[in-house]
$ cat model-v3.cif   # mmCIF, C-alpha atoms
data_entry
loop_
_atom_site.label_atom_id
_atom_site.label_comp_id
_atom_site.auth_asym_id
_atom_site.auth_seq_id
_atom_site.Cartn_x
_atom_site.Cartn_y
_atom_site.Cartn_z
CA GLN A 74 13.92 34.80 -0.90
CA LYS A 75 11.31 33.85 -3.44
CA GLU A 76 7.87 35.13 -2.48
CA VAL A 77 4.41 34.61 -3.89
CA GLU A 78 1.74 36.94 -2.56
CA GLN A 79 -2.01 36.43 -2.60
CA ASN A 80 -4.86 38.19 -0.84
CA SER A 81 -6.10 35.73 1.76
CA GLY A 82 -9.74 36.71 1.26
CA PRO A 83 -12.35 35.53 1.59
CA LEU A 84 -13.47 36.72 -1.80
CA SER A 85 -17.24 36.50 -1.89
CA VAL A 86 -19.11 36.46 -5.20
CA PRO A 87 -22.70 35.54 -6.10
CA GLU A 88 -23.44 32.51 -8.25
CA GLY A 89 -23.02 33.30 -11.94
CA ALA A 90 -20.57 36.17 -11.38
CA ILE A 91 -16.92 36.38 -12.43
CA ALA A 92 -14.40 35.70 -9.69
CA SER A 93 -10.99 37.34 -10.11
CA LEU A 94 -8.04 35.99 -8.16
CA ASN A 95 -4.66 37.70 -8.19
CA CYS A 96 -1.08 36.78 -7.41
CA THR A 97 2.27 38.59 -7.51
CA TYR A 98 5.70 37.02 -7.34
CA SER A 99 9.18 38.28 -6.58
CA ASP A 100 11.48 36.02 -8.62
CA ARG A 101 11.95 37.49 -12.11
CA GLY A 102 13.52 34.24 -13.24
CA SER A 103 10.28 32.35 -12.74
CA GLN A 104 9.27 30.44 -15.83
CA SER A 105 6.15 28.43 -15.04
CA PHE A 106 2.99 29.46 -13.28
CA PHE A 107 0.17 27.39 -11.88
CA TRP A 108 -3.18 27.65 -10.18
CA TYR A 109 -4.29 24.96 -7.77
CA ARG A 110 -7.68 24.54 -6.14
CA GLN A 111 -7.86 23.11 -2.63
CA TYR A 112 -11.11 22.11 -1.01
CA SER A 113 -11.20 22.03 2.77
CA GLY A 114 -9.59 18.84 4.04
CA LYS A 115 -8.35 17.84 0.60
CA SER A 116 -5.05 18.12 -1.26
CA PRO A 117 -4.36 20.74 -3.96
CA GLU A 118 -5.63 19.99 -7.46
CA LEU A 119 -3.95 21.49 -10.52
CA ILE A 120 -6.46 23.49 -12.56
CA MET A 121 -4.38 25.76 -14.79
CA SER A 122 -0.81 26.18 -15.99
CA ILE A 123 0.59 29.10 -17.99
CA TYR A 124 4.07 29.62 -19.33
CA SER A 125 3.98 32.72 -21.57
CA ASN A 126 2.57 36.22 -21.36
CA GLY A 127 -1.08 36.62 -22.20
CA ASP A 128 -4.25 34.70 -21.57
CA LYS A 129 -4.93 30.98 -21.47
CA GLU A 130 -8.51 29.74 -21.39
CA ASP A 131 -9.80 26.36 -20.29
CA GLY A 132 -13.56 26.08 -19.96
CA ARG A 133 -14.75 28.58 -17.35
CA PHE A 134 -11.18 29.33 -16.25
CA THR A 135 -8.82 31.92 -17.74
CA ALA A 136 -5.27 32.39 -16.50
CA GLN A 137 -3.49 35.64 -17.26
CA LEU A 138 0.26 36.22 -17.03
CA ASN A 139 2.22 39.47 -17.15
CA LYS A 140 5.90 38.77 -16.54
CA ALA A 141 6.89 42.44 -16.75
CA SER A 142 4.57 43.24 -13.85
CA GLN A 143 5.28 39.86 -12.16
CA TYR A 144 1.57 39.26 -11.96
CA VAL A 145 -0.62 36.21 -12.49
CA SER A 146 -4.38 36.08 -12.28
CA LEU A 147 -7.18 33.56 -12.54
CA LEU A 148 -10.66 34.43 -13.73
CA ILE A 149 -13.55 32.08 -13.07
CA ARG A 150 -16.60 32.81 -15.19
CA ASP A 151 -20.12 31.79 -14.24
CA SER A 152 -18.97 30.98 -10.70
CA GLN A 153 -20.72 28.06 -9.02
CA PRO A 154 -21.07 27.19 -5.32
CA SER A 155 -18.89 24.16 -6.08
CA ASP A 156 -16.05 26.59 -6.92
CA SER A 157 -15.91 27.59 -3.25
CA ALA A 158 -12.40 26.60 -2.22
CA THR A 159 -8.95 28.02 -1.56
CA TYR A 160 -7.02 28.88 -4.72
CA LEU A 161 -3.26 28.58 -4.56
CA CYS A 162 -0.93 30.37 -6.94
CA ALA A 163 2.37 28.57 -7.55
CA VAL A 164 5.46 29.83 -9.33
CA SER A 165 8.34 27.71 -10.55
CA HIS A 166 12.03 28.48 -10.93
CA SER A 167 13.77 25.16 -10.22
CA THR A 168 11.38 24.62 -7.29
CA LEU A 169 7.71 25.36 -6.88
CA THR A 170 6.84 28.20 -4.49
CA PHE A 171 3.25 28.57 -3.35
CA GLY A 172 1.28 31.54 -2.15
CA LYS A 173 -0.83 31.07 0.96
CA GLY A 174 -3.99 31.04 -1.09
CA THR A 175 -7.17 33.03 -1.54
CA MET A 176 -10.40 31.63 -0.17
CA LEU A 177 -13.28 31.98 -2.62
CA LEU A 178 -16.88 31.78 -1.44
CA VAL A 179 -19.62 31.55 -4.07
CA SER A 180 -23.09 32.11 -2.69
CA PRO A 181 -26.22 30.62 -4.32
CA LYS B 71 -4.13 6.16 -14.68
CA ALA B 72 -3.95 5.85 -10.92
CA GLY B 73 -3.07 8.98 -8.97
CA VAL B 74 -0.44 9.62 -6.36
CA THR B 75 -0.90 7.48 -3.28
CA GLN B 76 0.38 8.20 0.20
CA THR B 77 0.49 6.02 3.28
CA PRO B 78 -0.47 6.23 6.01
CA ARG B 79 -3.24 8.81 5.72
CA TYR B 80 -3.26 9.67 9.41
CA LEU B 81 -0.61 9.30 12.06
CA ILE B 82 -0.31 10.23 15.72
CA LYS B 83 3.13 10.28 17.30
CA THR B 84 4.65 11.61 20.49
CA ARG B 85 7.49 14.08 20.79
CA GLY B 86 10.91 12.56 20.29
CA GLN B 87 9.71 9.70 18.11
CA GLN B 88 10.50 9.34 14.45
CA VAL B 89 8.15 8.76 11.54
CA THR B 90 8.40 7.49 7.96
CA LEU B 91 5.89 8.47 5.31
CA SER B 92 5.54 6.79 1.95
CA CYS B 93 4.56 8.02 -1.50
CA SER B 94 3.92 6.19 -4.75
CA PRO B 95 3.91 8.54 -7.78
CA ILE B 96 1.77 8.36 -10.87
CA SER B 97 3.06 5.63 -13.17
CA GLY B 98 5.76 7.03 -15.44
CA HIS B 99 6.48 10.06 -13.26
CA ARG B 100 10.10 10.19 -12.16
CA SER B 101 10.06 13.34 -10.06
CA VAL B 102 8.67 13.30 -6.53
CA SER B 103 8.44 16.36 -4.30
CA TRP B 104 7.43 16.65 -0.67
CA TYR B 105 5.68 19.58 0.99
CA GLN B 106 4.58 20.48 4.48
CA GLN B 107 1.30 22.35 4.82
CA THR B 108 0.28 24.19 7.99
CA PRO B 109 -2.41 26.83 8.51
CA GLY B 110 0.16 29.47 9.42
CA GLN B 111 2.90 28.84 6.88
CA GLY B 112 0.96 27.41 3.97
CA LEU B 113 2.62 24.96 1.60
CA GLN B 114 6.36 24.77 2.10
CA PHE B 115 8.76 22.82 -0.07
CA LEU B 116 10.75 20.10 1.68
CA PHE B 117 12.70 18.32 -1.08
CA GLU B 118 12.54 16.94 -4.59
CA TYR B 119 13.86 13.65 -5.91
CA PHE B 120 14.45 12.67 -9.50
CA SER B 121 15.85 9.29 -10.53
CA GLU B 122 16.83 8.47 -6.93
CA THR B 123 18.81 11.72 -6.53
CA GLN B 124 17.83 14.66 -4.39
CA ARG B 125 17.59 17.54 -6.84
CA ASN B 126 16.47 20.33 -4.52
CA LYS B 127 16.04 20.86 -0.81
CA GLY B 128 13.96 23.38 1.07
CA ASN B 129 14.81 25.26 4.21
CA PHE B 130 14.07 22.58 6.80
CA PRO B 131 16.32 21.15 9.52
CA GLY B 132 18.30 17.97 9.00
CA ARG B 133 15.70 16.03 10.99
CA PHE B 134 13.76 15.93 7.75
CA SER B 135 15.17 13.53 5.19
CA GLY B 136 13.99 11.57 2.23
CA ARG B 137 14.91 9.09 -0.41
CA GLN B 138 13.66 7.71 -3.68
CA PHE B 139 13.81 4.14 -4.85
CA SER B 140 14.49 2.77 -8.32
CA ASN B 141 10.74 2.35 -8.94
CA SER B 142 10.29 6.10 -8.20
CA ARG B 143 8.51 5.43 -4.90
CA SER B 144 9.67 7.83 -2.22
CA GLU B 145 9.83 7.99 1.55
CA MET B 146 10.39 10.88 3.89
CA ASN B 147 11.55 10.55 7.47
CA VAL B 148 11.28 12.94 10.36
CA SER B 149 13.39 12.16 13.39
CA THR B 150 13.05 13.51 16.92
CA LEU B 151 9.55 14.81 16.33
CA GLU B 152 8.55 18.19 17.73
CA LEU B 153 5.06 19.56 18.35
CA GLY B 154 5.60 22.00 15.49
CA ASP B 155 5.97 19.13 13.04
CA SER B 156 2.22 18.54 13.21
CA ALA B 157 1.06 19.20 9.67
CA LEU B 158 -0.29 17.77 6.46
CA TYR B 159 2.56 16.23 4.49
CA LEU B 160 1.94 16.20 0.78
CA CYS B 161 3.72 14.31 -1.92
CA ALA B 162 3.51 15.42 -5.54
CA SER B 163 4.74 13.71 -8.67
CA SER B 164 5.68 15.19 -12.00
CA PRO B 165 6.58 13.72 -15.38
CA ALA B 166 9.51 16.16 -15.63
CA ARG B 167 9.85 19.30 -13.60
CA ASP B 168 6.83 21.51 -13.87
CA GLU B 169 3.26 20.37 -13.46
CA GLN B 170 2.92 18.59 -10.16
CA TYR B 171 0.09 16.32 -9.09
CA PHE B 172 -0.57 15.89 -5.43
CA GLY B 173 -1.47 12.84 -3.39
CA PRO B 174 -4.10 12.95 -0.64
CA GLY B 175 -1.51 13.68 2.04
CA THR B 176 -0.58 12.27 5.42
CA ARG B 177 -1.97 14.11 8.43
CA LEU B 178 0.66 13.93 11.18
CA THR B 179 -0.22 14.88 14.73
CA VAL B 180 2.56 15.12 17.29
CA THR B 181 1.48 15.08 20.95
#
$ encode --input "model-v3.cif" --output "structure tokens"
Amino acid sequence: QKEVEQNSGPLSVPEGAIASLNCTYSDRGSQSFFWYRQYSGKSPELIMSIYSNGDKEDGRFTAQLNKASQYVSLLIRDSQPSDSATYLCAVSHSTLTFGKGTMLLVSP
Amino acid sequence: KAGVTQTPRYLIKTRGQQVTLSCSPISGHRSVSWYQQTPGQGLQFLFEYFSETQRNKGNFPGRFSGRQFSNSRSEMNVSTLELGDSALYLCASSPARDEQYFGPGTRLTVT
């Protein structure tokens, strides 16, 4: 069974700090990797996708992928209170499998 | 470009009834996937449709079914509702197979 594991949190960081969110997956055949942000009461919003080993940067967000270690991470630089949300890691191999998410709390 | 739309947004049903939920994907997207989200289980994949054909199916009982129309709009149906079917049902569309964009969801409450 395909599994995607995330620490449920909450991960608490002060405003301006770097938030580091981690995810491991079990299916070695996985080919596409995504990070979604979900605010309370809202639907998930795609914020990053990564397909090859290494880093991918988009504004304050950096996704990191290590297929050998079956590990995906998301770094959020200069964290803002508006970043407070649940971050879902999703891994694709024919279907998309989601982790249960990590709650991030950014305090002013 | 307009996003994914889902109707209705909220629904209250009683046990034993059936329900149909509707999803209109982003224009040009041919793949539509459905997910169930609950606090305990998280986001769980129900099924995926592409060009009116079911391409993948998750591990849900046969009471859950879906279909896709020629204009890519999709419906899912749940028959003989159970209390445990109370959840947020999310539809997501994709231009091909990978990046999926979610609609606002339908909150179903079964009493």
$ atom_distance --input "model-v3.cif" --atom1 "CA of Cys162 in chain A" --atom2 "CA of Lys127 in chain B"
20.4 Å
$ closest_atom_pairs --input "model-v3.cif" --of "chain A" --to "chain B" --cutoff "8 Å" --atoms "all atoms listed in the file" --output "JSON lines"
{"residue": "A:Ser105", "atom": "CA", "partner": "B:Asp168", "partner_atom": "CA", "distance": 7.1}
{"residue": "A:Phe107", "atom": "CA", "partner": "B:Glu169", "partner_atom": "CA", "distance": 7.8}
{"residue": "A:Lys115", "atom": "CA", "partner": "B:Pro174", "partner_atom": "CA", "distance": 6.6}
{"residue": "A:Ser116", "atom": "CA", "partner": "B:Pro174", "partner_atom": "CA", "distance": 5.3}
{"residue": "A:Pro117", "atom": "CA", "partner": "B:Phe172", "partner_atom": "CA", "distance": 6.3}
{"residue": "A:Glu118", "atom": "CA", "partner": "B:Phe172", "partner_atom": "CA", "distance": 6.8}
{"residue": "A:Leu119", "atom": "CA", "partner": "B:Tyr171", "partner_atom": "CA", "distance": 6.7}
{"residue": "A:Ser122", "atom": "CA", "partner": "B:Glu169", "partner_atom": "CA", "distance": 7.5}
{"residue": "A:Ser165", "atom": "CA", "partner": "B:Asp168", "partner_atom": "CA", "distance": 7.2}
{"residue": "A:Ser167", "atom": "CA", "partner": "B:Arg167", "partner_atom": "CA", "distance": 7.8}
{"residue": "A:Thr168", "atom": "CA", "partner": "B:Asn126", "partner_atom": "CA", "distance": 7.2}
{"residue": "A:Leu169", "atom": "CA", "partner": "B:Phe115", "partner_atom": "CA", "distance": 7.3}
{"residue": "A:Thr170", "atom": "CA", "partner": "B:Phe115", "partner_atom": "CA", "distance": 7.2}
{"residue": "A:Phe171", "atom": "CA", "partner": "B:Leu113", "partner_atom": "CA", "distance": 6.2}
{"residue": "A:Gly172", "atom": "CA", "partner": "B:Gly112", "partner_atom": "CA", "distance": 7.4}
{"residue": "A:Lys173", "atom": "CA", "partner": "B:Gly112", "partner_atom": "CA", "distance": 5.1}
{"residue": "A:Gly174", "atom": "CA", "partner": "B:Gly112", "partner_atom": "CA", "distance": 8.0}
$ atom_distance --input "model-v3.cif" --atom1 "CA of Ser99 in chain A" --atom2 "CA of Tyr124 in chain A"
16.2 Å
$ resolve_selection --input "model-v3.cif" --expression "the PyMOL selection byres ((chain B and resi 151) around 9)" --output "PyMOL selection string"
chain B and resi 83-89+133+148-150+152-156+180
$ closest_atom_pairs --input "model-v3.cif" --of "range 78-109 of chain A" --to "range 142-150 of chain A" --cutoff "10 Å" --atoms "all atoms listed in the file" --output "CSV"
residue,atom,partner,partner_atom,distance
A:Glu78,CA,A:Tyr144,CA,9.7
A:Gln79,CA,A:Ser146,CA,10.0
A:Glu88,CA,A:Arg150,CA,9.7
A:Gly89,CA,A:Arg150,CA,7.2
A:Ala90,CA,A:Arg150,CA,6.4
A:Ile91,CA,A:Arg150,CA,4.5
A:Ala92,CA,A:Ile149,CA,5.0
A:Ser93,CA,A:Leu148,CA,4.7
A:Leu94,CA,A:Leu147,CA,5.1
A:Asn95,CA,A:Ser146,CA,4.4
A:Cys96,CA,A:Val145,CA,5.1
A:Thr97,CA,A:Tyr144,CA,4.6
A:Tyr98,CA,A:Gln143,CA,5.6
A:Ser99,CA,A:Gln143,CA,7.0
A:Asp100,CA,A:Gln143,CA,8.1
A:Arg101,CA,A:Gln143,CA,7.1
A:Ser103,CA,A:Gln143,CA,9.0
A:Phe106,CA,A:Val145,CA,7.7
A:Phe107,CA,A:Val145,CA,8.9
A:Trp108,CA,A:Leu147,CA,7.5
$ atom_distance --input "model-v3.cif" --atom1 "CA of Ile123 in chain A" --atom2 "CA of Phe130 in chain B"
29.0 Å
$ resolve_selection --input "model-v3.cif" --expression "the PyMOL selection byres ((chain B and resi 94) around 12)" --output "ChimeraX atom specification"
/B:72-78,91-93,95-104,138-146,160-164,171-175
